[in-house]
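**Q** My structure is stored as upload_39.cif, with mmCIF, C-alpha atoms and all ligand atoms.
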data_run
loop_
_atom_site.label_atom_id
_atom_site.label_comp_id
_atom_site.auth_asym_id
_atom_site.auth_seq_id
_atom_site.Cartn_x
_atom_site.Cartn_y
_atom_site.Cartn_z
CA MET A 1 6.20 24.53 6.21
CA PHE A 2 6.29 28.29 6.66
CA ASN A 3 5.64 30.16 9.82
CA PRO A 4 1.95 31.01 9.62
CA LYS A 5 2.29 34.31 11.42
CA ASP A 6 4.70 35.61 8.74
CA ILE A 7 2.30 34.73 5.94
CA ILE A 8 -0.79 35.99 7.77
CA ASP A 9 0.86 39.31 8.59
CA ILE A 10 1.78 39.84 4.93
CA LEU A 11 -1.74 39.02 3.78
CA ALA A 12 -3.33 41.22 6.44
CA GLU A 13 -1.07 44.14 5.62
CA ASN A 14 -1.81 43.82 1.93
CA VAL A 15 -5.56 43.62 2.53
CA LYS A 16 -5.34 46.73 4.67
CA LYS A 17 -3.38 48.64 2.04
CA THR A 18 -4.91 47.46 -1.22
CA LYS A 19 -8.06 45.54 -0.17
CA ASN A 20 -6.68 42.32 -1.65
CA PRO A 21 -4.18 39.81 -0.23
CA PHE A 22 -1.56 40.37 -2.94
CA GLY A 23 -0.99 44.06 -2.56
CA VAL A 24 -1.79 44.57 -6.23
CA ASN A 25 -3.79 47.42 -7.70
CA LYS A 26 -7.44 46.36 -8.12
CA GLN A 27 -7.74 47.58 -11.72
CA LYS A 28 -4.98 45.21 -12.58
CA ILE A 29 -6.70 42.22 -11.03
CA ASN A 30 -10.21 43.04 -12.11
CA SER A 31 -10.39 43.75 -15.82
CA TRP A 32 -12.50 40.88 -17.17
CA TYR A 33 -15.57 43.09 -17.67
CA VAL A 34 -13.97 45.76 -19.84
CA ASN A 35 -15.35 44.60 -23.20
CA GLU A 36 -18.56 43.15 -21.80
CA ASP A 37 -21.94 44.74 -22.21
CA LEU A 38 -23.02 44.83 -18.56
CA PRO A 39 -26.12 46.49 -17.10
CA ASP A 40 -25.56 49.18 -14.45
CA LYS A 41 -29.06 48.80 -13.03
CA GLY A 42 -30.84 45.69 -11.86
CA GLU A 43 -32.47 43.73 -9.06
CA TYR A 44 -29.34 41.84 -8.05
CA LEU A 45 -25.73 42.97 -7.77
CA LEU A 46 -23.25 40.55 -9.33
CA PHE A 47 -20.50 40.35 -6.71
CA THR A 48 -17.58 38.20 -7.87
CA GLY A 49 -15.53 38.81 -4.71
CA LEU A 50 -12.45 38.76 -7.01
CA MET A 51 -11.64 35.13 -6.18
CA TYR A 52 -11.50 33.96 -9.80
CA GLN A 53 -9.54 37.07 -10.75
CA MET A 54 -6.98 36.38 -8.01
CA ILE A 55 -6.18 32.87 -9.23
CA PRO A 56 -3.26 33.96 -11.45
CA TYR A 57 -1.76 35.76 -8.43
CA ILE A 58 -2.34 32.87 -6.03
CA GLU A 59 -0.60 30.58 -8.52
CA ALA A 60 2.31 32.95 -9.05
CA VAL A 61 2.96 33.29 -5.32
CA THR A 62 2.55 29.62 -4.46
CA SER A 63 4.83 28.51 -7.30
CA GLN A 64 7.55 30.62 -5.72
CA LEU A 65 6.73 29.43 -2.22
CA GLY A 66 7.00 25.85 -3.49
CA LYS A 67 10.53 26.53 -4.64
CA ILE A 68 11.67 27.86 -1.30
CA GLU A 69 9.66 25.56 0.98
CA ASP A 70 12.56 23.21 1.63
CA SER A 71 15.33 25.75 1.14
CA LYS A 72 17.18 27.58 3.87
CA PHE A 73 14.85 30.55 3.52
CA SER A 74 11.87 28.70 4.93
CA LYS A 75 13.73 28.29 8.22
CA TYR A 76 14.30 32.01 8.57
CA SER A 77 11.98 33.84 10.86
CA SER A 78 12.60 36.77 8.53
CA LEU A 79 10.57 35.06 5.81
CA GLY A 80 7.91 37.65 6.52
CA ARG A 81 10.24 40.32 5.26
CA PHE A 82 11.71 38.16 2.53
CA VAL A 83 8.44 37.16 0.93
CA PRO A 84 6.78 40.51 0.24
CA ARG A 85 9.94 42.04 -1.17
CA SER A 86 10.50 39.39 -3.76
CA LEU A 87 7.07 37.96 -4.37
CA THR A 88 4.70 40.86 -4.58
CA ASN A 89 4.78 44.04 -6.63
CA ILE A 90 7.68 44.06 -9.05
CA SER A 91 8.40 40.42 -9.73
CA LEU A 92 4.84 39.15 -9.37
CA ASN A 93 3.69 40.58 -12.70
CA ALA A 94 6.30 38.61 -14.60
CA LEU A 95 5.01 35.38 -13.08
CA ILE A 96 1.37 35.80 -14.07
CA SER A 97 0.31 33.02 -16.42
CA LYS A 98 -1.86 34.01 -19.35
CA ASN A 99 -3.66 30.66 -19.19
CA ASN A 100 -4.79 31.39 -15.65
CA VAL A 101 -6.01 34.85 -16.61
CA ASP A 102 -7.87 33.41 -19.60
CA PHE A 103 -9.50 30.77 -17.40
CA SER A 104 -10.78 33.34 -14.89
CA ASN A 105 -12.10 35.60 -17.62
CA GLU A 106 -13.82 32.74 -19.38
CA VAL A 107 -15.62 31.60 -16.22
CA LEU A 108 -16.88 35.10 -15.41
CA LYS A 109 -17.99 35.76 -18.98
CA SER A 110 -19.74 32.38 -19.03
CA ILE A 111 -21.66 33.35 -15.91
CA ILE A 112 -22.80 36.56 -17.64
CA THR A 113 -24.04 34.52 -20.61
CA LEU A 114 -25.90 32.16 -18.29
CA LEU A 115 -27.54 34.91 -16.23
CA LYS A 116 -28.68 36.69 -19.38
CA ASN A 117 -29.90 33.41 -20.85
CA SER A 118 -32.07 32.87 -17.75
CA ASN A 119 -33.33 36.48 -17.88
CA ILE A 120 -31.92 37.45 -14.49
CA ASP A 121 -32.15 41.18 -13.84
CA PHE A 122 -28.64 41.99 -12.55
CA LEU A 123 -26.14 44.82 -12.51
CA TYR A 124 -22.38 44.91 -12.32
CA SER A 125 -20.35 47.69 -10.76
CA PRO A 126 -16.55 47.28 -10.59
CA ASP A 127 -16.46 49.79 -7.73
CA LEU A 128 -18.75 47.70 -5.57
CA ASP A 129 -17.07 44.40 -6.41
CA GLN A 130 -14.52 43.72 -3.67
CA TYR A 131 -12.56 40.91 -2.12
CA SER A 132 -14.48 39.46 0.86
CA GLY A 133 -11.54 38.93 3.23
CA ILE A 134 -12.27 35.21 3.60
CA LEU A 135 -8.65 34.05 3.56
CA LEU A 136 -7.93 36.06 6.69
CA TYR A 137 -10.92 34.46 8.39
CA ASP A 138 -9.83 30.92 7.49
CA LEU A 139 -6.35 31.56 8.86
CA GLY A 140 -7.72 32.75 12.19
CA ASP A 141 -7.11 36.48 11.69
CA GLU A 142 -10.45 37.62 13.02
CA LYS A 143 -9.31 41.17 13.70
CA TYR A 144 -8.26 42.09 10.18
CA PHE A 145 -11.03 40.03 8.62
CA LYS A 146 -13.61 42.04 10.54
CA ALA A 147 -12.00 45.37 9.75
CA HIS A 148 -12.00 44.57 6.04
CA ALA A 149 -15.47 42.99 5.98
CA ARG A 150 -16.93 46.04 7.67
CA THR A 151 -15.77 48.40 4.92
CA VAL A 152 -17.01 46.04 2.19
CA ALA A 153 -20.42 45.51 3.82
CA ASN A 154 -20.86 49.20 4.62
CA THR A 155 -20.16 50.23 1.04
CA LEU A 156 -22.78 47.79 -0.24
CA TYR A 157 -25.26 48.93 2.38
CA GLN A 158 -24.71 52.60 1.51
CA HIS A 159 -25.47 51.81 -2.12
CA ASN A 160 -28.78 50.19 -1.11
CA ILE A 161 -27.70 46.75 -2.23
CA SER A 162 -29.92 44.04 -0.77
CA LYS A 163 -29.76 41.15 -3.26
CA ILE A 164 -26.43 39.69 -4.31
CA ILE A 165 -25.28 37.08 -6.81
CA THR A 166 -21.99 35.37 -5.95
CA VAL A 167 -19.84 33.10 -8.10
CA ASP A 168 -17.65 31.10 -5.70
CA PRO A 169 -18.19 29.21 -2.43
CA HIS A 170 -15.75 31.22 -0.28
CA THR A 171 -17.26 34.62 -1.06
CA THR A 172 -20.77 33.15 -0.73
CA TYR A 173 -19.99 31.87 2.77
CA ALA A 174 -18.46 35.21 3.78
CA LEU A 175 -21.45 37.27 2.63
CA LYS A 176 -24.20 34.86 3.58
CA VAL A 177 -22.95 33.62 6.94
CA LEU A 178 -19.98 35.63 8.21
CA TYR A 179 -21.06 39.20 7.42
CA PRO A 180 -24.36 38.88 9.32
CA LYS A 181 -22.57 37.14 12.20
CA TYR A 182 -19.56 39.43 12.55
CA ILE A 183 -20.68 42.72 11.04
CA GLY A 184 -24.42 42.53 11.60
CA ILE A 185 -25.30 43.35 7.99
CA ASN A 186 -27.59 40.96 6.10
CA PHE A 187 -27.89 40.53 2.37
CA GLU A 188 -29.99 38.13 0.34
CA VAL A 189 -27.22 36.03 -1.20
CA TYR A 190 -27.53 33.58 -4.10
CA THR A 191 -24.85 31.67 -5.92
CA TYR A 192 -25.33 32.18 -9.66
CA PHE A 193 -26.40 28.57 -10.27
CA GLU A 194 -29.28 28.88 -7.79
CA LEU A 195 -30.95 31.39 -10.14
CA LEU A 196 -30.47 29.61 -13.46
CA ASN A 197 -33.38 28.13 -15.29
CA LEU A 198 -32.08 25.66 -17.87
CA THR A 199 -33.41 22.51 -19.50
CA GLY A 200 -32.15 20.15 -22.17
CA ASP A 201 -31.42 16.59 -23.23
CA LEU A 202 -27.66 16.50 -23.35
CA GLU A 203 -26.97 12.83 -22.59
CA LYS A 204 -23.62 13.64 -20.97
CA GLU A 205 -22.06 12.09 -17.88
CA VAL A 206 -19.98 13.95 -15.32
CA VAL A 207 -18.63 13.63 -11.78
CA LEU A 208 -18.98 16.60 -9.40
CA HIS A 209 -16.31 17.74 -6.99
CA ASP A 210 -18.28 19.54 -4.27
CA PRO A 211 -16.27 22.32 -2.64
CA CYS A 212 -16.24 22.14 1.17
CA PHE A 213 -18.17 25.38 1.56
CA TYR A 214 -21.04 24.44 -0.80
CA GLY A 215 -21.13 20.82 0.37
CA ARG A 216 -20.94 21.30 4.11
CA TYR A 217 -21.15 24.87 5.34
CA LEU A 218 -23.82 26.08 2.91
CA GLU A 219 -25.50 22.75 2.05
CA LEU A 220 -26.02 23.64 -1.60
CA SER A 221 -24.78 20.45 -3.28
CA HIS A 222 -28.24 19.48 -4.49
CA VAL A 223 -28.60 22.68 -6.54
CA PRO A 224 -26.04 22.05 -9.31
CA ARG A 225 -27.14 18.39 -9.35
CA ASN A 226 -30.76 19.30 -10.01
CA LEU A 227 -29.74 21.86 -12.58
CA LEU A 228 -27.59 19.36 -14.46
CA LYS A 229 -30.28 16.68 -14.26
CA ASN A 230 -32.80 19.07 -15.83
CA MET A 231 -30.37 19.50 -18.69
CA GLY A 232 -30.15 15.76 -19.22
CA VAL A 233 -26.71 15.37 -17.65
CA GLU A 234 -26.14 12.22 -15.65
CA ILE A 235 -24.06 12.57 -12.46
CA LYS A 236 -21.80 9.73 -11.38
CA ASP A 237 -21.45 10.47 -7.69
CA ILE A 238 -18.56 9.12 -5.65
CA LEU A 239 -18.66 8.20 -1.97
CA ARG A 240 -17.12 11.44 -0.76
CA ASN A 241 -19.61 14.01 -1.98
CA GLY A 242 -22.03 16.62 -0.64
CA LYS A 243 -21.83 16.92 3.13
CA PHE A 244 -18.94 14.46 3.19
CA THR A 245 -16.93 15.87 0.31
CA HIS A 246 -13.12 15.73 0.44
CA CYS A 247 -11.11 18.97 0.37
CA CYS A 248 -9.09 19.64 -2.82
CA GLY A 249 -6.06 20.65 -0.72
CA GLY A 250 -5.91 24.16 -2.19
CA PRO A 251 -6.31 26.01 1.11
CA ALA A 252 -2.99 24.52 2.31
CA GLU A 253 -1.04 26.07 -0.55
CA SER A 254 -0.12 29.34 1.09
CA LEU A 255 1.48 27.53 4.04
CA SER A 256 2.73 24.30 2.52
CA PRO A 257 2.58 23.60 -1.22
CA LYS A 258 3.81 20.07 -0.47
CA LEU A 259 0.93 19.28 1.83
CA ALA A 260 -1.53 20.71 -0.70
CA SER A 261 -0.28 18.36 -3.39
CA LYS A 262 -0.57 15.30 -1.13
CA ILE A 263 -4.23 16.05 -0.39
CA ARG A 264 -4.92 16.82 -4.04
CA GLU A 265 -3.50 13.47 -5.22
CA ASN A 266 -5.86 11.63 -2.87
CA ARG A 267 -8.87 13.59 -4.06
CA VAL A 268 -8.10 13.22 -7.76
CA LYS A 269 -7.72 9.47 -7.33
CA GLN A 270 -11.27 9.26 -5.93
CA LEU A 271 -12.69 11.38 -8.77
CA LYS A 272 -10.78 9.59 -11.52
CA GLU A 273 -12.29 6.23 -10.59
CA THR A 274 -15.48 7.28 -12.43
CA ASN A 275 -13.61 7.99 -15.68
CA LYS A 276 -15.92 10.96 -16.23
CA LEU A 277 -15.34 14.64 -16.82
CA ILE A 278 -14.81 16.32 -13.43
CA LEU A 279 -16.84 19.49 -12.81
CA THR A 280 -15.73 22.04 -10.19
CA MET A 281 -17.46 25.16 -8.85
CA CYS A 282 -14.63 26.94 -7.10
CA PRO A 283 -11.54 28.66 -8.54
CA ILE A 284 -9.29 27.21 -5.85
CA CYS A 285 -10.54 23.65 -6.38
CA TYR A 286 -10.17 23.94 -10.16
CA THR A 287 -6.68 25.37 -10.11
CA ASN A 288 -5.43 22.88 -7.58
CA LEU A 289 -7.07 19.72 -8.97
CA ARG A 290 -6.03 20.56 -12.53
CA LYS A 291 -2.43 19.96 -11.52
CA SER A 292 -3.23 16.24 -11.34
CA THR A 293 -5.76 15.83 -14.15
CA SER A 294 -6.68 17.49 -17.43
CA ASN A 295 -10.17 15.97 -17.58
CA ILE A 296 -11.67 18.82 -15.59
CA MET A 297 -13.87 21.85 -16.24
CA ASP A 298 -15.51 24.65 -14.31
CA LEU A 299 -19.28 24.23 -14.02
CA ALA A 300 -19.94 27.70 -15.50
CA ILE A 301 -17.98 26.99 -18.68
CA PHE A 302 -19.60 23.57 -19.01
CA LEU A 303 -23.10 25.09 -18.69
CA LYS A 304 -22.31 27.96 -21.05
CA ASP A 305 -21.04 25.53 -23.71
CA CYS A 306 -24.29 23.58 -23.32
CA VAL A 307 -26.57 26.59 -23.79
CA THR A 308 -24.64 28.16 -26.66
CA THR A 309 -24.01 25.11 -28.86
CA MET B 310 7.44 19.96 33.75
CA ARG B 311 4.11 20.78 32.13
CA ILE B 312 2.01 23.68 33.21
CA ILE B 313 -1.69 22.98 33.26
CA ASN B 314 -4.23 25.74 32.79
CA PRO B 315 -7.58 24.53 34.15
CA ASN B 316 -9.21 27.63 32.76
CA LEU B 317 -8.17 27.02 29.15
CA GLU B 318 -11.53 26.21 27.62
CA ASN B 319 -13.02 29.28 29.23
CA LYS B 320 -10.23 31.38 27.80
CA LEU B 321 -10.91 29.97 24.32
CA LYS B 322 -14.54 31.10 24.42
CA LYS B 323 -13.40 34.57 23.48
CA PHE B 324 -12.00 33.03 20.30
CA GLY B 325 -15.26 31.35 19.38
CA SER B 326 -14.47 27.86 20.62
CA ASP B 327 -16.39 26.29 23.50
CA THR B 328 -17.22 22.73 22.48
CA ALA B 329 -14.01 20.81 23.21
CA HIS B 330 -15.37 19.40 26.51
CA ILE B 331 -18.05 17.51 24.54
CA CYS B 332 -15.38 15.38 22.80
CA PHE B 333 -15.08 11.80 24.11
CA ASN B 334 -11.87 11.10 22.19
CA CYS B 335 -13.21 8.47 19.83
CA GLY B 336 -10.78 9.43 17.06
CA THR B 337 -13.31 9.55 14.21
CA CYS B 338 -12.09 13.03 13.26
CA ALA B 339 -8.47 11.88 13.09
CA ALA B 340 -9.43 8.90 10.93
CA ILE B 341 -11.30 11.06 8.42
CA CYS B 342 -9.20 14.26 8.31
CA PRO B 343 -7.60 14.62 4.84
CA LEU B 344 -4.30 15.65 6.42
CA PHE B 345 -3.75 12.08 7.65
CA GLU B 346 -1.57 13.24 10.52
CA THR B 347 -1.52 11.07 13.61
CA SER B 348 -4.25 12.07 16.06
CA PHE B 349 -5.08 15.27 14.18
CA PRO B 350 -7.30 17.08 15.19
CA ARG B 351 -8.29 14.79 18.10
CA LYS B 352 -5.20 15.53 20.17
CA PHE B 353 -5.96 19.24 20.23
CA MET B 354 -9.41 18.49 21.65
CA ARG B 355 -7.66 16.53 24.37
CA TYR B 356 -5.10 19.29 25.04
CA ILE B 357 -7.94 21.71 25.67
CA GLN B 358 -9.74 19.27 27.96
CA ILE B 359 -6.66 18.76 30.12
CA GLY B 360 -5.64 22.42 29.97
CA ALA B 361 -2.32 21.77 28.20
CA GLU B 362 -1.82 25.29 26.89
CA ASP B 363 1.93 24.89 26.51
CA LYS B 364 1.48 21.73 24.39
CA ILE B 365 -0.75 23.76 22.09
CA MET B 366 1.92 26.44 21.84
CA ASP B 367 4.63 23.80 21.22
CA GLU B 368 2.61 22.38 18.33
CA LYS B 369 1.22 25.67 17.08
CA LEU B 370 2.62 25.39 13.56
CA GLU B 371 0.82 22.11 13.04
CA LEU B 372 -2.50 23.77 13.87
CA PHE B 373 -2.30 25.95 10.80
CA LYS B 374 -2.22 22.93 8.53
CA CYS B 375 -5.95 22.57 9.21
CA LEU B 376 -7.78 23.37 5.97
CA HIS B 377 -10.94 24.48 7.76
CA CYS B 378 -12.66 21.99 5.47
CA GLY B 379 -15.18 20.91 8.12
CA LEU B 380 -15.11 17.18 7.36
CA CYS B 381 -14.28 16.34 10.99
CA THR B 382 -17.21 18.43 12.21
CA SER B 383 -19.61 16.67 9.82
CA SER B 384 -18.33 13.29 11.02
CA CYS B 385 -18.04 13.80 14.78
CA PRO B 386 -20.58 11.53 16.54
CA LYS B 387 -20.81 13.83 19.57
CA GLY B 388 -21.24 17.17 17.83
CA ALA B 389 -18.02 18.49 19.41
CA ASP B 390 -17.36 20.62 16.32
CA PRO B 391 -13.61 19.92 16.04
CA GLY B 392 -13.27 22.00 12.84
CA GLU B 393 -14.45 25.18 14.55
CA VAL B 394 -12.38 24.35 17.63
CA MET B 395 -9.31 24.26 15.37
CA LEU B 396 -10.23 27.65 13.94
CA GLY B 397 -10.67 29.00 17.48
CA LEU B 398 -7.21 27.68 18.37
CA LYS B 399 -5.67 29.38 15.33
CA ARG B 400 -7.18 32.65 16.51
CA PHE B 401 -5.95 32.08 20.04
CA VAL B 402 -2.39 31.28 18.89
CA LEU B 403 -2.22 34.14 16.39
CA ASP B 404 -3.44 36.57 19.03
CA LYS B 405 -0.83 35.30 21.47
CA LEU B 406 1.96 35.49 18.87
CA ARG B 407 1.00 39.03 17.94
CA ARG B 408 0.98 40.07 21.58
CA ASN B 409 4.34 38.52 22.42
CA GLN B 410 5.94 38.67 19.01
CA ASP B 411 7.21 35.26 20.17
CA VAL B 412 7.88 33.13 17.11
S1 LIG C 1 -14.79 12.78 16.33
FE1 LIG C 1 -15.60 14.23 17.86
S2 LIG C 1 -15.75 13.05 19.75
FE2 LIG C 1 -14.45 11.86 18.36
S3 LIG C 1 -12.35 12.50 18.89
FE3 LIG C 1 -13.00 13.83 17.22
S4 LIG C 1 -13.90 15.63 18.22
FE4 LIG C 1 -13.74 14.04 19.77
S1 LIG C 2 -11.36 20.94 9.35
FE1 LIG C 2 -9.14 20.69 9.71
S2 LIG C 2 -9.01 19.11 11.27
FE2 LIG C 2 -11.08 18.99 10.42
S3 LIG C 2 -10.98 17.44 8.80
FE3 LIG C 2 -10.62 19.44 7.84
S4 LIG C 2 -8.40 19.71 7.85
FE4 LIG C 2 -8.87 18.06 9.30
#
Turn this file's structure into structure tokens for me.

**A**
Amino acid sequence: MFNPKDIIDILAENVKKTKNPFGVNKQKINSWYVNEDLPDKGEYLLFTGLMYQMIPYIEAVTSQLGKIEDSKFSKYSSLGRFVPRSLTNISLNALISKNNVDFSNEVLKSIITLLKNSNIDFLYSPDLDQYSGILLYDLGDEKYFKAHARTVANTLYQHNISKIITVDPHTTYALKVLYPKYIGINFEVYTYFELLNLTGDLEKEVVLHDPCFYGRYLELSHVPRNLLKNMGVEIKDILRNGKFTHCCGGPAESLSPKLASKIRENRVKQLKETNKLILTMCPICYTNLRKSTSNIMDLAIFLKDCVTT
Amino acid sequence: MRIINPNLENKLKKFGSDTAHICFNCGTCAAICPLFETSFPRKFMRYIQIGAEDKIMDEKLELFKCLHCGLCTSSCPKGADPGEVMLGLKRFVLDKLRRNQDV
């Protein structure tokens, strides 16, 4: 296991400098929208929070951390200096997996298709779309979380944004619960699937992996279930779901890739007992769980495939 | 020798954690926590109750393994909110480490 302070200080410094935890230029991370036909006016702002877009970077960094976790480097208190030099900037680009980039792009484009299909009046502005700072909050770095959140919330406020569509549980929790609590700025926040209006008779069966933030903190687990039911999809629920869902292990990856894989194995075993396609709703859950199973899909891609075929 | 800080829970309030005294040490949280580490997070609730600040600092690295997944909080029969107490402890420890640069 790494010294948490080293990792947190790197992340906080990067967020301060570049507004994302990897110290990478935002244009580089956020390019999924370039060939999309996206409205620049609308009732809701689509705010991705860059979590899906950061997946290739999270994976690149943690694959390197995994290699040095048990090596002599992990014992060094100088890891803090060692990690940013070799893992961010120069060498990071070479480690980005095209598959991960394609996955993130596909999810976000699927969400666009779904919102349009349900006639939701939304706009997208790459300038207003920012990382929420949630990782700093989860690691206990209240100071730098607040500093970052304040600039993000103020920018939205100055642009008269009041209604927001989010696409992942971590950003949703930050904007819906933490920003009002810590920054005092309130937005009307909806996860994309809360706004969709879909019906069908698909006769498919799936098992849902509820992310901790939707299942417990935001109590939204019933929403994707109702949506899927209306489309004729049968849900095979396991014991650990909704309020009592089991973490995918992903959040442990930045501090101990080994621990993350132990938790993941346990979760995948529970899900696999149903023998059904596993649906996830969070980029961290998907990327982590996929390491132990290939029978898995993001909810947005699943729904998009259903409405377009 | 262990140094006891009777004021510990009060001190933690600043870091958003003030429910540890409600815990009656049943161990439900430790049985359900996906980390499967012995007495985790229950023992930290106990350390706060008895004011064992130096034990918390000794075991500070372990604290950061907490996923902030909230399963313990959903399962605690007393409403002692162990998940948020763990987050409060992370803040407390990080603040202390940054002040002292003691790693
Ligand atoms: S479940 Fe609640 S009451 Fe029981 S040991 Fe854990 S925190 Fe204490
Ligand atoms: S919030 Fe932390 S202590 Fe509680 S169950 Fe999850 S990992 Fe365990």

**Q** So the first atom is atom CA of A:Leu178 and the second is atom CA of A:Thr48; what is the distance between them in Å, to one decimal place?

**A**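 Separating atom CA of A:Leu178 from atom CA of A:Thr48 is a distance of 16.5 Å.
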
**Q** Residues of chain B within 12 Å of chain A, counting only C-alpha atoms - could you list those as a PyMOL selection string?

**A** chain B and resi 323-326+341-346+368-385+392-412

**Q** Rounded to one decimal, what separation in Å do you get between atom CA of A:Ser97 and atom CA of A:Tyr124?

**A**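 Interatomic distance here is 25.9 Å.
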
**Q** Applying 8 Å and all atoms listed in the file, which residues near B:Asp327 remain after dropping the ones on its own chain fewer than 6 positions away? List them as a ChimeraX atom specification.

**A** /B:318-319,321,394

**Q** Export C-alpha atoms of the chosen residues as a tab-separated table (two decimals), keeping the file's coordinate frame?

**A**
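So the final result, stored in part_38.tsv, reads:
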chain	number	residue	atom	x	y	z
B	318	GLU	CA	-11.53	26.21	27.62
B	319	ASN	CA	-13.02	29.28	29.23
B	321	LEU	CA	-10.91	29.97	24.32
B	394	VAL	CA	-12.38	24.35	17.63

**Q** With distances taken over only C-alpha atoms and all ligand atoms, which residue among B:Asn334, B:Ala340, B:Leu317, B:Pro350 lies nearest ligand LIG 2 (chain C)?

**A** B:Pro350

**Q** Give as an mmCIF file with C-alpha atoms, keeping the file's coordinate frame the residues surrounding ligand LIG 1 (chain C) up to a distance of 7 Å, considering only C-alpha atoms and all ligand atoms.

**A**
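The resulting part_17.cif:
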data_model
loop_
_atom_site.group_PDB
_atom_site.id
_atom_site.type_symbol
_atom_site.label_atom_id
_atom_site.label_comp_id
_atom_site.auth_asym_id
_atom_site.auth_seq_id
_atom_site.Cartn_x
_atom_site.Cartn_y
_atom_site.Cartn_z
ATOM 1 C CA ILE B 331 -18.050 17.510 24.540
ATOM 2 C CA CYS B 332 -15.380 15.380 22.800
ATOM 3 C CA PHE B 333 -15.080 11.800 24.110
ATOM 4 C CA ASN B 334 -11.870 11.100 22.190
ATOM 5 C CA CYS B 335 -13.210 8.470 19.830
ATOM 6 C CA GLY B 336 -10.780 9.430 17.060
ATOM 7 C CA THR B 337 -13.310 9.550 14.210
ATOM 8 C CA CYS B 338 -12.090 13.030 13.260
ATOM 9 C CA ALA B 339 -8.470 11.880 13.090
ATOM 10 C CA PRO B 350 -7.300 17.080 15.190
ATOM 11 C CA ARG B 351 -8.290 14.790 18.100
ATOM 12 C CA MET B 354 -9.410 18.490 21.650
ATOM 13 C CA CYS B 381 -14.280 16.340 10.990
ATOM 14 C CA SER B 384 -18.330 13.290 11.020
ATOM 15 C CA CYS B 385 -18.040 13.800 14.780
ATOM 16 C CA PRO B 386 -20.580 11.530 16.540
ATOM 17 C CA LYS B 387 -20.810 13.830 19.570
ATOM 18 C CA GLY B 388 -21.240 17.170 17.830
ATOM 19 C CA ALA B 389 -18.020 18.490 19.410
ATOM 20 C CA ASP B 390 -17.360 20.620 16.320
ATOM 21 C CA PRO B 391 -13.610 19.920 16.040
#

**Q** Rounded to one decimal in Å, what is the spacing between atom CA of A:Glu205 and atom CA of A:Ile301?

**A**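 Rounded to one decimal, the two atoms are 15.5 Å apart.
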
**Q** Return as lines of an AutoDock Vina configuration file the centre and edge lengths, in Å with one decimal, of the box along x, y and z that encloses every atom of ligand LIG 2 (chain C) in the file, padded by 3 Å per side.

**A**
center_x = -9.9
center_y = 19.2
center_z = 9.6
size_x = 9.0
size_y = 9.5
size_z = 9.4

**Q** Extract, using all atoms listed in the file, all DNA, RNA and protein residues at most 9 Å from A:Ile185, discarding same-chain residues fewer than 2 positions from it, and format them as a VMD selection string.

**A** chain A and resid 150 153 to 154 157 175 179 to 183 187
